[in-house]
>>> print(open('start.csv').read())   # CSV, C-alpha atoms and all ligand atoms
chain,number,residue,atom,x,y,z
A,20,MET,CA,-4.0,172.7,-119.1
A,21,ALA,CA,-5.0,175.3,-116.4
A,22,THR,CA,-2.3,177.7,-115.4
A,23,ILE,CA,-2.5,180.3,-112.7
A,24,ASP,CA,-2.4,183.8,-114.1
A,25,SER,CA,-1.7,185.7,-110.9
A,26,ILE,CA,-1.7,184.5,-107.3
A,27,GLN,CA,-3.6,187.0,-105.3
A,28,GLY,CA,-4.6,187.0,-101.7
A,29,ALA,CA,-6.7,184.0,-100.8
A,30,THR,CA,-8.8,186.0,-98.4
A,31,GLY,CA,-11.0,189.0,-99.0
A,32,SER,CA,-13.6,189.7,-101.7
A,33,GLY,CA,-13.3,188.8,-105.3
A,34,THR,CA,-9.7,187.8,-105.2
A,35,ASN,CA,-9.7,184.2,-106.3
A,36,ALA,CA,-7.3,183.7,-109.2
A,37,ILE,CA,-9.0,182.8,-112.5
A,38,PRO,CA,-7.5,179.9,-114.3
A,39,HIS,CA,-6.5,180.4,-117.9
A,40,LEU,CA,-7.4,177.5,-120.3
A,41,ASP,CA,-6.3,176.9,-123.8
A,42,VAL,CA,-9.8,175.6,-124.8
A,43,ASP,CA,-11.3,176.9,-128.1
A,44,PRO,CA,-15.0,176.4,-127.7
A,45,PHE,CA,-15.5,177.4,-131.4
A,46,ALA,CA,-13.2,174.7,-132.9
A,47,LEU,CA,-14.6,171.8,-134.9
A,48,GLU,CA,-12.9,169.2,-132.6
A,49,PHE,CA,-14.7,170.8,-129.7
A,50,PHE,CA,-18.1,170.6,-131.5
A,51,ASP,CA,-17.5,166.9,-132.2
A,52,ASP,CA,-17.6,166.2,-128.5
A,53,PRO,CA,-17.9,169.2,-126.2
A,54,PHE,CA,-18.9,167.3,-123.1
A,55,PRO,CA,-15.5,166.3,-121.6
A,56,THR,CA,-14.3,169.9,-122.1
A,57,HIS,CA,-17.5,171.3,-120.5
A,58,ALA,CA,-16.6,169.2,-117.5
A,59,ARG,CA,-13.0,170.5,-117.5
A,60,LEU,CA,-14.3,174.1,-117.7
A,61,ARG,CA,-16.8,173.5,-114.8
A,62,ASP,CA,-14.2,171.8,-112.6
A,63,ALA,CA,-11.5,174.3,-113.2
A,64,ALA,CA,-13.2,177.2,-111.4
A,65,PRO,CA,-16.5,179.1,-111.2
A,66,VAL,CA,-15.0,181.6,-113.8
A,67,VAL,CA,-12.3,180.8,-116.3
A,68,TYR,CA,-10.3,182.8,-118.9
A,69,LEU,CA,-10.0,181.5,-122.4
A,70,ASP,CA,-6.7,182.8,-123.9
A,71,LYS,CA,-7.7,181.8,-127.4
A,72,TRP,CA,-10.3,184.6,-127.6
A,73,ASN,CA,-9.5,186.7,-124.6
A,74,VAL,CA,-12.8,186.2,-122.9
A,75,PHE,CA,-14.1,185.0,-119.5
A,76,GLY,CA,-16.2,181.9,-119.4
A,77,VAL,CA,-18.8,180.5,-117.0
A,78,ALA,CA,-19.7,176.8,-117.4
A,79,ARG,CA,-21.4,175.9,-114.1
A,80,TYR,CA,-25.2,176.2,-113.7
A,81,ALA,CA,-25.0,178.6,-110.7
A,82,GLU,CA,-22.8,181.2,-112.5
A,83,VAL,CA,-24.6,180.9,-115.9
A,84,HIS,CA,-27.9,181.5,-114.0
A,85,ALA,CA,-26.4,184.4,-112.1
A,86,VAL,CA,-25.1,186.1,-115.2
A,87,LEU,CA,-28.4,185.6,-117.0
A,88,HIS,CA,-30.2,187.2,-114.1
A,89,ASP,CA,-28.1,190.3,-113.8
A,90,PRO,CA,-28.6,192.1,-117.1
A,91,ALA,CA,-27.6,195.5,-115.7
A,92,THR,CA,-24.1,194.1,-115.0
A,93,PHE,CA,-23.9,191.6,-117.9
A,94,CYS,CA,-25.4,193.6,-120.7
A,95,SER,CA,-26.6,192.5,-124.2
A,96,SER,CA,-26.5,195.9,-125.9
A,97,ARG,CA,-22.8,195.5,-126.7
A,98,GLY,CA,-23.7,192.2,-128.5
A,99,VAL,CA,-24.2,188.7,-127.4
A,100,GLY,CA,-21.5,187.4,-129.6
A,101,LEU,CA,-17.7,187.8,-129.3
A,102,SER,CA,-17.7,191.2,-131.1
A,103,ASP,CA,-18.1,194.2,-128.7
A,104,PHE,CA,-20.4,196.7,-130.3
A,105,ALA,CA,-18.7,199.4,-128.3
A,106,LYS,CA,-15.5,198.7,-130.2
A,107,GLU,CA,-16.5,197.1,-133.5
A,108,THR,CA,-19.3,197.8,-136.0
A,109,PRO,CA,-21.8,195.0,-136.0
A,110,TRP,CA,-22.1,192.9,-139.2
A,111,ARG,CA,-25.8,193.9,-139.4
A,112,PRO,CA,-27.9,196.5,-137.6
A,113,PRO,CA,-28.3,195.2,-134.0
A,114,SER,CA,-31.5,193.3,-133.0
A,115,LEU,CA,-33.9,195.5,-131.2
A,116,ILE,CA,-34.6,192.7,-128.7
A,117,LEU,CA,-31.7,190.3,-128.5
A,118,GLU,CA,-29.0,193.0,-128.5
A,119,ALA,CA,-30.8,195.5,-126.3
A,120,ASP,CA,-31.0,196.3,-122.6
A,121,PRO,CA,-33.8,197.8,-120.5
A,122,PRO,CA,-35.6,200.1,-120.9
A,123,ALA,CA,-35.4,199.8,-124.8
A,124,HIS,CA,-35.6,196.0,-124.5
A,125,THR,CA,-38.7,196.1,-122.3
A,126,ARG,CA,-40.9,197.7,-125.0
A,127,THR,CA,-39.8,195.5,-128.0
A,128,ARG,CA,-39.9,192.4,-125.8
A,129,ALA,CA,-43.5,193.2,-124.9
A,130,VAL,CA,-44.4,193.5,-128.5
A,131,LEU,CA,-43.0,190.1,-129.5
A,132,SER,CA,-44.5,188.5,-126.3
A,133,ARG,CA,-48.0,189.6,-127.5
A,134,VAL,CA,-47.4,188.3,-131.0
A,135,LEU,CA,-46.3,184.9,-129.7
A,136,SER,CA,-48.7,184.7,-126.8
A,137,PRO,CA,-50.6,181.7,-125.4
A,138,ALA,CA,-53.8,183.0,-127.1
A,139,VAL,CA,-52.0,183.0,-130.5
A,140,MET,CA,-50.7,179.5,-129.8
A,141,LYS,CA,-54.3,178.4,-129.3
A,142,GLN,CA,-55.2,179.7,-132.7
A,143,ILE,CA,-52.4,178.0,-134.6
A,144,ARG,CA,-52.3,174.7,-132.6
A,145,ASP,CA,-54.7,172.6,-134.6
A,146,HIS,CA,-53.0,173.5,-137.9
A,147,PHE,CA,-49.5,172.8,-136.5
A,148,ALA,CA,-50.7,169.4,-135.1
A,149,ALA,CA,-52.4,168.4,-138.4
A,150,ASN,CA,-49.1,169.2,-140.3
A,151,ALA,CA,-47.2,167.1,-137.7
A,152,GLU,CA,-49.5,164.1,-138.2
A,153,ALA,CA,-49.3,164.4,-142.0
A,154,LYS,CA,-45.5,164.6,-141.8
A,155,ILE,CA,-45.2,161.5,-139.7
A,156,ASP,CA,-47.7,159.6,-141.9
A,157,GLU,CA,-45.6,160.6,-145.0
A,158,LEU,CA,-42.4,159.4,-143.4
A,159,LEU,CA,-43.9,156.1,-142.2
A,160,GLU,CA,-44.8,155.4,-145.9
A,161,ARG,CA,-41.3,156.1,-147.0
A,162,ARG,CA,-39.9,154.2,-144.0
A,163,SER,CA,-36.3,155.2,-144.6
A,164,PHE,CA,-35.3,158.9,-144.9
A,165,ASP,CA,-33.0,161.6,-143.5
A,166,ALA,CA,-34.4,162.7,-140.1
A,167,ILE,CA,-32.7,166.1,-140.5
A,168,SER,CA,-33.7,167.3,-144.0
A,169,ASP,CA,-36.9,165.3,-144.2
A,170,LEU,CA,-38.2,165.9,-140.7
A,171,ALA,CA,-36.3,168.3,-138.4
A,172,GLU,CA,-36.1,170.8,-141.3
A,173,SER,CA,-39.1,169.9,-143.3
A,174,TYR,CA,-41.7,170.1,-140.4
A,175,PRO,CA,-40.8,173.6,-139.2
A,176,LEU,CA,-40.6,174.8,-142.8
A,177,SER,CA,-44.1,173.4,-143.3
A,178,VAL,CA,-45.6,175.5,-140.6
A,179,PHE,CA,-43.4,178.5,-139.4
A,180,PRO,CA,-43.0,180.5,-142.7
A,181,ASP,CA,-46.8,180.3,-143.3
A,182,ALA,CA,-47.4,181.3,-139.7
A,183,MET,CA,-45.1,184.3,-140.3
A,184,GLY,CA,-47.1,185.2,-143.5
A,185,LEU,CA,-44.1,184.8,-145.8
A,186,LYS,CA,-44.6,184.4,-149.5
A,187,LYS,CA,-43.7,181.0,-151.0
A,188,GLU,CA,-40.8,182.3,-153.2
A,189,GLY,CA,-37.3,182.5,-151.7
A,190,ARG,CA,-37.9,180.4,-148.5
A,191,GLU,CA,-34.7,178.5,-149.4
A,192,HIS,CA,-32.8,181.5,-147.9
A,193,LEU,CA,-34.3,181.1,-144.4
A,194,LEU,CA,-32.0,178.3,-143.1
A,195,PRO,CA,-28.8,179.8,-144.6
A,196,TYR,CA,-29.7,183.2,-143.1
A,197,ALA,CA,-30.2,181.7,-139.7
A,198,GLY,CA,-27.0,179.7,-140.0
A,199,LEU,CA,-25.2,182.9,-140.8
A,200,VAL,CA,-26.8,184.8,-137.8
A,201,PHE,CA,-25.7,182.0,-135.4
A,202,ASN,CA,-22.2,181.7,-136.9
A,203,ALA,CA,-21.8,185.4,-136.6
A,204,PHE,CA,-22.1,185.3,-132.7
A,205,GLY,CA,-18.8,183.4,-132.8
A,206,PRO,CA,-15.2,184.6,-133.2
A,207,PRO,CA,-13.7,185.5,-136.6
A,208,ASN,CA,-13.0,181.9,-137.5
A,209,ALA,CA,-13.6,180.3,-140.9
A,210,LEU,CA,-17.2,179.4,-140.0
A,211,ARG,CA,-18.0,183.1,-139.3
A,212,GLN,CA,-16.0,184.7,-142.1
A,213,GLU,CA,-17.2,182.3,-144.8
A,214,ALA,CA,-20.8,182.7,-143.7
A,215,ILE,CA,-20.5,186.5,-143.9
A,216,GLU,CA,-18.8,186.3,-147.3
A,217,ARG,CA,-21.8,184.4,-148.7
A,218,SER,CA,-24.4,186.4,-146.9
A,219,ALA,CA,-25.5,189.1,-149.4
A,220,PRO,CA,-28.3,187.2,-151.1
A,221,HIS,CA,-29.7,185.8,-147.8
A,222,GLN,CA,-29.6,189.3,-146.2
A,223,ALA,CA,-31.3,190.8,-149.2
A,224,TYR,CA,-34.1,188.2,-149.1
A,225,VAL,CA,-34.7,188.7,-145.4
A,226,GLN,CA,-34.7,192.5,-145.6
A,227,GLU,CA,-37.3,192.4,-148.3
A,228,GLN,CA,-39.6,190.0,-146.5
A,229,CYS,CA,-39.6,192.1,-143.4
A,230,GLN,CA,-41.5,194.9,-145.2
A,231,ARG,CA,-45.2,195.2,-144.3
A,232,ASP,CA,-46.4,194.7,-147.9
A,233,ASN,CA,-44.7,191.3,-148.1
A,234,LEU,CA,-46.4,189.8,-145.0
A,235,ALA,CA,-49.8,188.1,-145.3
A,236,PRO,CA,-52.6,189.3,-143.0
A,237,GLY,CA,-53.1,187.4,-139.8
A,238,GLY,CA,-49.4,186.2,-139.7
A,239,PHE,CA,-46.8,186.9,-137.0
A,240,GLY,CA,-45.2,189.4,-139.4
A,241,ALA,CA,-48.4,191.4,-140.0
A,242,CYS,CA,-49.1,191.3,-136.2
A,243,ILE,CA,-45.8,193.0,-135.5
A,244,HIS,CA,-46.5,195.7,-138.1
A,245,ALA,CA,-50.0,196.2,-136.6
A,246,GLN,CA,-48.3,197.2,-133.3
A,247,VAL,CA,-47.1,200.3,-135.1
A,248,ASP,CA,-50.8,201.4,-135.4
A,249,THR,CA,-51.2,201.1,-131.6
A,250,GLY,CA,-48.1,203.2,-131.0
A,251,ALA,CA,-46.2,200.4,-129.2
A,252,ILE,CA,-43.4,200.6,-131.8
A,253,THR,CA,-42.4,203.0,-134.6
A,254,ALA,CA,-42.7,202.1,-138.3
A,255,PRO,CA,-39.0,201.6,-138.8
A,256,GLU,CA,-38.8,199.3,-135.8
A,257,ALA,CA,-41.3,196.8,-137.2
A,258,PRO,CA,-39.2,195.3,-140.0
A,259,LEU,CA,-36.3,194.8,-137.5
A,260,LEU,CA,-38.6,192.9,-135.1
A,261,VAL,CA,-39.8,190.7,-138.0
A,262,ARG,CA,-36.2,190.1,-138.7
A,263,SER,CA,-35.7,188.7,-135.2
A,264,LEU,CA,-38.3,186.0,-135.8
A,265,LEU,CA,-36.8,185.2,-139.2
A,266,SER,CA,-33.3,185.0,-137.5
A,267,ALA,CA,-34.3,182.9,-134.5
A,268,GLY,CA,-37.6,181.2,-135.4
A,269,ILE,CA,-36.6,178.3,-137.6
A,270,ASP,CA,-33.0,177.0,-137.3
A,271,THR,CA,-33.5,176.8,-133.5
A,272,THR,CA,-36.6,174.6,-133.8
A,273,VAL,CA,-34.9,172.6,-136.5
A,274,ASN,CA,-32.1,171.8,-134.1
A,275,GLY,CA,-34.5,171.3,-131.2
A,276,ILE,CA,-36.6,168.8,-133.1
A,277,GLY,CA,-33.4,167.2,-134.6
A,278,ALA,CA,-32.1,166.8,-131.0
A,279,ALA,CA,-35.4,165.1,-129.9
A,280,ILE,CA,-35.4,162.6,-132.8
A,281,TYR,CA,-31.7,161.9,-132.3
A,282,CYS,CA,-32.4,161.2,-128.5
A,283,LEU,CA,-35.3,159.0,-129.2
A,284,ALA,CA,-33.3,157.1,-131.8
A,285,ARG,CA,-30.4,156.5,-129.4
A,286,PHE,CA,-32.4,155.8,-126.3
A,287,PRO,CA,-35.1,153.3,-127.3
A,288,ASP,CA,-36.3,152.8,-123.7
A,289,GLN,CA,-37.3,156.5,-123.8
A,290,LEU,CA,-39.2,156.0,-127.1
A,291,ALA,CA,-41.0,153.1,-125.5
A,292,ARG,CA,-41.9,155.3,-122.5
A,293,LEU,CA,-43.2,158.0,-124.8
A,294,ARG,CA,-45.2,155.5,-126.8
A,295,GLN,CA,-46.8,154.2,-123.5
A,296,ASP,CA,-47.7,157.8,-122.6
A,297,PRO,CA,-47.9,160.3,-125.4
A,298,ALA,CA,-48.7,163.0,-122.9
A,299,LEU,CA,-45.0,163.0,-122.1
A,300,ALA,CA,-44.3,164.5,-125.6
A,301,ARG,CA,-43.9,168.1,-124.4
A,302,ASN,CA,-41.5,167.1,-121.6
A,303,ALA,CA,-39.6,164.7,-124.0
A,304,PHE,CA,-39.0,167.7,-126.2
A,305,GLU,CA,-38.0,169.9,-123.3
A,306,GLU,CA,-35.6,167.3,-122.1
A,307,ALA,CA,-34.0,167.1,-125.5
A,308,VAL,CA,-33.5,170.9,-125.4
A,309,ARG,CA,-31.7,170.4,-122.0
A,310,PHE,CA,-29.7,167.4,-123.1
A,311,GLU,CA,-28.4,168.7,-126.5
A,312,SER,CA,-28.9,172.5,-126.0
A,313,PRO,CA,-29.5,173.5,-129.6
A,314,VAL,CA,-28.2,177.0,-128.6
A,315,GLN,CA,-24.9,176.2,-127.0
A,316,THR,CA,-23.6,179.6,-125.9
A,317,PHE,CA,-24.2,183.3,-125.7
A,318,PHE,CA,-21.9,186.1,-124.5
A,319,ARG,CA,-22.6,189.1,-122.3
A,320,THR,CA,-20.4,192.2,-121.7
A,321,THR,CA,-19.7,193.6,-118.3
A,322,THR,CA,-20.9,197.2,-117.6
A,323,ARG,CA,-18.8,197.5,-114.4
A,324,ASP,CA,-16.2,195.8,-112.3
A,325,VAL,CA,-18.0,192.8,-110.8
A,326,GLU,CA,-17.4,189.9,-108.5
A,327,ILE,CA,-18.6,186.5,-109.6
A,328,GLY,CA,-17.8,183.1,-108.1
A,329,GLY,CA,-15.3,184.8,-105.8
A,330,SER,CA,-13.4,186.4,-108.6
A,331,ARG,CA,-13.2,189.9,-110.1
A,332,ILE,CA,-13.9,190.8,-113.7
A,333,GLY,CA,-13.3,194.3,-114.9
A,334,GLU,CA,-15.6,196.5,-116.9
A,335,GLY,CA,-16.0,196.0,-120.7
A,336,GLU,CA,-15.1,192.3,-120.6
A,337,LYS,CA,-16.9,189.6,-122.7
A,338,VAL,CA,-18.3,186.7,-120.6
A,339,LEU,CA,-19.1,183.5,-122.5
A,340,MET,CA,-22.1,181.6,-121.0
A,341,PHE,CA,-21.9,177.8,-121.6
A,342,LEU,CA,-25.6,177.1,-121.6
A,343,ALA,CA,-25.1,173.5,-122.7
A,344,SER,CA,-22.6,172.9,-119.8
A,345,ALA,CA,-25.0,174.4,-117.3
A,346,ASN,CA,-27.7,172.1,-118.6
A,347,ARG,CA,-25.5,169.1,-117.7
A,348,ASP,CA,-23.8,170.4,-114.5
A,349,PRO,CA,-23.9,167.6,-111.9
A,350,ARG,CA,-24.0,170.3,-109.2
A,351,ARG,CA,-27.5,171.0,-110.4
A,352,TRP,CA,-28.8,167.8,-112.1
A,353,ASP,CA,-29.1,164.2,-111.2
A,354,ASN,CA,-27.6,161.9,-113.9
A,355,PRO,CA,-27.2,164.9,-116.2
A,356,ASP,CA,-25.9,162.8,-119.1
A,357,GLN,CA,-29.1,160.7,-119.2
A,358,TYR,CA,-31.9,161.6,-121.5
A,359,ASP,CA,-34.9,161.0,-119.2
A,360,ILE,CA,-38.3,162.2,-120.6
A,361,THR,CA,-39.8,162.0,-117.1
A,362,ARG,CA,-37.2,164.4,-115.6
A,363,ARG,CA,-38.2,167.6,-113.9
A,364,THR,CA,-36.7,169.8,-116.6
A,365,SER,CA,-37.7,173.2,-115.2
A,366,GLY,CA,-34.8,175.5,-114.6
A,367,HIS,CA,-32.8,174.3,-117.7
A,368,VAL,CA,-31.2,177.2,-119.6
A,369,GLY,CA,-31.6,175.8,-123.1
A,370,PHE,CA,-34.0,178.7,-123.7
A,371,GLY,CA,-32.0,181.0,-121.6
A,372,SER,CA,-33.5,182.5,-118.4
A,373,GLY,CA,-34.5,185.9,-117.1
A,374,ILE,CA,-35.5,188.9,-119.2
A,375,HIS,CA,-34.1,187.6,-122.5
A,376,MET,CA,-35.4,184.1,-122.1
A,377,CYS,CA,-36.6,182.9,-125.6
A,378,VAL,CA,-39.6,184.9,-126.6
A,379,GLY,CA,-40.6,182.2,-129.1
A,380,GLN,CA,-40.5,179.4,-126.6
A,381,LEU,CA,-44.2,178.7,-126.9
A,382,VAL,CA,-43.9,178.2,-130.7
A,383,ALA,CA,-40.9,176.0,-130.2
A,384,ARG,CA,-42.6,173.9,-127.6
A,385,LEU,CA,-45.8,173.7,-129.7
A,386,GLU,CA,-43.8,172.3,-132.7
A,387,GLY,CA,-41.9,169.9,-130.5
A,388,GLU,CA,-45.0,168.7,-128.6
A,389,VAL,CA,-47.3,168.1,-131.6
A,390,LEU,CA,-44.5,166.4,-133.6
A,391,LEU,CA,-43.5,164.1,-130.7
A,392,THR,CA,-47.2,163.4,-130.0
A,393,ALA,CA,-47.8,162.2,-133.5
A,394,LEU,CA,-44.6,160.2,-133.4
A,395,ALA,CA,-45.6,158.6,-130.1
A,396,ARG,CA,-48.9,157.5,-131.5
A,397,LYS,CA,-47.8,156.2,-134.9
A,398,VAL,CA,-44.1,155.2,-134.8
A,399,GLY,CA,-43.1,151.8,-133.2
A,400,GLY,CA,-39.4,152.1,-133.7
A,401,ILE,CA,-36.5,154.3,-134.9
A,402,GLU,CA,-33.4,152.7,-136.3
A,403,ILE,CA,-30.3,154.7,-137.3
A,404,THR,CA,-29.3,153.1,-140.6
A,405,GLY,CA,-26.3,155.1,-141.8
A,406,PRO,CA,-23.5,157.5,-140.8
A,407,VAL,CA,-24.5,160.3,-138.5
A,408,LYS,CA,-23.0,163.6,-139.7
A,409,ARG,CA,-22.6,166.6,-137.5
A,410,ARG,CA,-23.4,170.1,-138.8
A,411,TYR,CA,-20.9,172.7,-137.5
A,412,ASN,CA,-22.0,176.2,-136.4
A,413,ASN,CA,-20.4,178.6,-133.9
A,414,THR,CA,-23.6,178.7,-131.7
A,415,LEU,CA,-26.0,175.9,-132.9
A,416,ARG,CA,-25.5,172.3,-132.1
A,417,GLY,CA,-27.1,169.8,-134.4
A,418,LEU,CA,-26.7,167.3,-137.2
A,419,GLU,CA,-26.2,167.5,-140.9
A,420,SER,CA,-27.6,164.1,-141.6
A,421,LEU,CA,-29.3,161.3,-139.5
A,422,PRO,CA,-30.4,158.4,-141.8
A,423,VAL,CA,-33.2,156.5,-140.1
A,424,THR,CA,-35.9,153.9,-140.7
A,425,PHE,CA,-39.3,154.3,-138.9
A,426,THR,CA,-41.3,151.2,-138.3
A,427,PRO,CA,-45.0,151.7,-137.8
A,428,ALA,CA,-46.6,151.1,-134.4
B,1,LIG,C1,-32.3,184.7,-129.9
B,1,LIG,C2,-31.9,185.3,-131.2
B,1,LIG,C3,-31.0,184.6,-132.0
B,1,LIG,C4,-30.7,185.2,-133.2
B,1,LIG,C5,-31.2,186.4,-133.6
B,1,LIG,C6,-32.1,187.1,-132.8
B,1,LIG,C7,-32.5,186.5,-131.6
B,1,LIG,C8,-32.6,188.4,-133.2
B,1,LIG,O1,-33.3,189.0,-132.4
B,1,LIG,O2,-32.4,188.8,-134.3
>>> encode(input="start.csv", output="structure tokens", more="lines below")
Ligand code: OVV
Amino acid sequence: MATIDSIQGATGSGTNAIPHLDVDPFALEFFDDPFPTHARLRDAAPVVYLDKWNVFGVARYAEVHAVLHDPATFCSSRGVGLSDFAKETPWRPPSLILEADPPAHTRTRAVLSRVLSPAVMKQIRDHFAANAEAKIDELLERRSFDAISDLAESYPLSVFPDAMGLKKEGREHLLPYAGLVFNAFGPPNALRQEAIERSAPHQAYVQEQCQRDNLAPGGFGACIHAQVDTGAITAPEAPLLVRSLLSAGIDTTVNGIGAAIYCLARFPDQLARLRQDPALARNAFEEAVRFESPVQTFFRTTTRDVEIGGSRIGEGEKVLMFLASANRDPRRWDNPDQYDITRRTSGHVGFGSGIHMCVGQLVARLEGEVLLTALARKVGGIEITGPVKRRYNNTLRGLESLPVTFTPA
């Protein structure tokens, strides 16, 4: 329960006491059903303190948005996980984009923005759409399958590694590597420690595939390396930027697509609405990202004493942003716990917001849109036919198994 740390003056600036909560947002019981605890965190105060990990937390939309939009005060270069890079050695060399602040971030961000631009989406769209249709056709023939392994994983793996320009061999390392990266943002619990213990072969694979010679011409990887020739980045920076796409480009869309299928399976009226109007596919995917928030949390680190939500936080403190909670804050959203594919989703923070907002969001939305478009045209019904199993990760929310039957339209 909330306890009051110190009663300070009720007037004046930045003096509201910050409630301490005994919530562990990286515990398996929390992952099983985070929503009631999100409400508790939001209702406790604009800023809370989590004694379990000695961090501040923001769970309301307004404060999450404020932190995301003040990168000078809430920096990323000390890591966006629990570990403070000013005090601890990172488990891998820091990302040149995720774990960077302006001005360094501005240059690397521009490079990846060009590689994943609207013009590039136009070039890959037809191929991504054809693979989505083929995947839905194949699953309609099988009728019963696992919507996680056979769809949410299988579809991104059928398009993204090829779009990167990766060789065929070794791709089985991609999801374990991403799982490791997202577990590593969390505290030193069993999820993080066991992932790091098993990480060597996955890290070796990724490091090798980031090299210029291992990336096929025309792919995202080769495009990144080509930016060395224009002087935008140095040769040693290119493999690290490829690493960012291999870290963040697959497991995120796996969990985004998994969220969308799980929503449409649980809310058949929304599937019916989507079938009536397949043009809603892109927003149905976006709403699934808001509703489930595949990326649940990120940290920032304060660069100075700062006031937020009427409370003061000192310099060098970790602040945990509950993106998933912001995405269901009733202070911001009508009926936040309803999956509504016609909702005005803009402003959700499932892709973050501000200067670090997902640089791959156009690829994610492309995958989600073309897959849900094919589903809207071809699938008449989705029935959950077996036990739904959750997959546990310190940052990613999604399922291990979702047994379903598709009936044709
Ligand atoms: C957004 C994100 C997640 C994980 C890794 C990275 C980025 C990266 O840049 O490596």
>>> residues_near_ligand(input="start.csv", ligand="ligand LIG 1 (chain B)", cutoff="10 Å", atoms="only C-alpha atoms and all ligand atoms", output="PyMOL selection string")
chain A and resi 99+111-119+128+197-204+259-268+270-271+314+317+370-371+375-379+414
>>> closest_residue(input="start.csv", among="A:Leu159, A:Ala291, A:Ala300, A:Ala182", to="Met140 (chain A)", atoms="all atoms listed in the file")
A:Ala182
>>> residues_near_point(input="start.csv", point="(-29.5, 178.4, -124.7)", cutoff="9 Å", atoms="only C-alpha atoms", output="list in words")
Val308, Arg309, Ser312, Pro313, Val314, Gln315, Thr316, Phe317, Met340, Phe341, Leu342, Ala343, Asn346, His367, Val368, Gly369, Phe370, Gly371, Ser372, Met376 and Cys377 of chain A
>>> residues_around(input="start.csv", residues="Pro180 (chain A)", least_positions_apart="3", cutoff="9 Å", atoms="all atoms listed in the file", output="PyMOL selection string")
chain A and resi 175-177+183-187+190+193+265+269
>>> write_last_selection(input="start.csv", atoms="C-alpha atoms", output="PDB file, keeping the file's coordinate frame")
ATOM      1  CA  PRO A 175     -40.800 173.600-139.200  1.00  0.00           C
ATOM      2  CA  LEU A 176     -40.600 174.800-142.800  1.00  0.00           C
ATOM      3  CA  SER A 177     -44.100 173.400-143.300  1.00  0.00           C
ATOM      4  CA  MET A 183     -45.100 184.300-140.300  1.00  0.00           C
ATOM      5  CA  GLY A 184     -47.100 185.200-143.500  1.00  0.00           C
ATOM      6  CA  LEU A 185     -44.100 184.800-145.800  1.00  0.00           C
ATOM      7  CA  LYS A 186     -44.600 184.400-149.500  1.00  0.00           C
ATOM      8  CA  LYS A 187     -43.700 181.000-151.000  1.00  0.00           C
ATOM      9  CA  ARG A 190     -37.900 180.400-148.500  1.00  0.00           C
ATOM     10  CA  LEU A 193     -34.300 181.100-144.400  1.00  0.00           C
ATOM     11  CA  LEU A 265     -36.800 185.200-139.200  1.00  0.00           C
ATOM     12  CA  ILE A 269     -36.600 178.300-137.600  1.00  0.00           C
TER      13      ILE A 269
END
>>> closest_atom_pairs(input="start.csv", of="region 178-291 of chain A", to="region 398-411 of chain A", cutoff="9 Å", atoms="all atoms listed in the file", output="CSV")
residue,atom,partner,partner_atom,distance
A:Leu210,CA,A:Tyr411,CA,8.1
A:Ile280,CA,A:Ile401,CA,8.6
A:Tyr281,CA,A:Ile403,CA,8.9
A:Leu283,CA,A:Ile401,CA,7.5
A:Ala284,CA,A:Ile401,CA,5.3
A:Arg285,CA,A:Ile403,CA,8.1
A:Pro287,CA,A:Ile401,CA,7.8
A:Leu290,CA,A:Gly400,CA,7.7
A:Ala291,CA,A:Gly399,CA,8.1
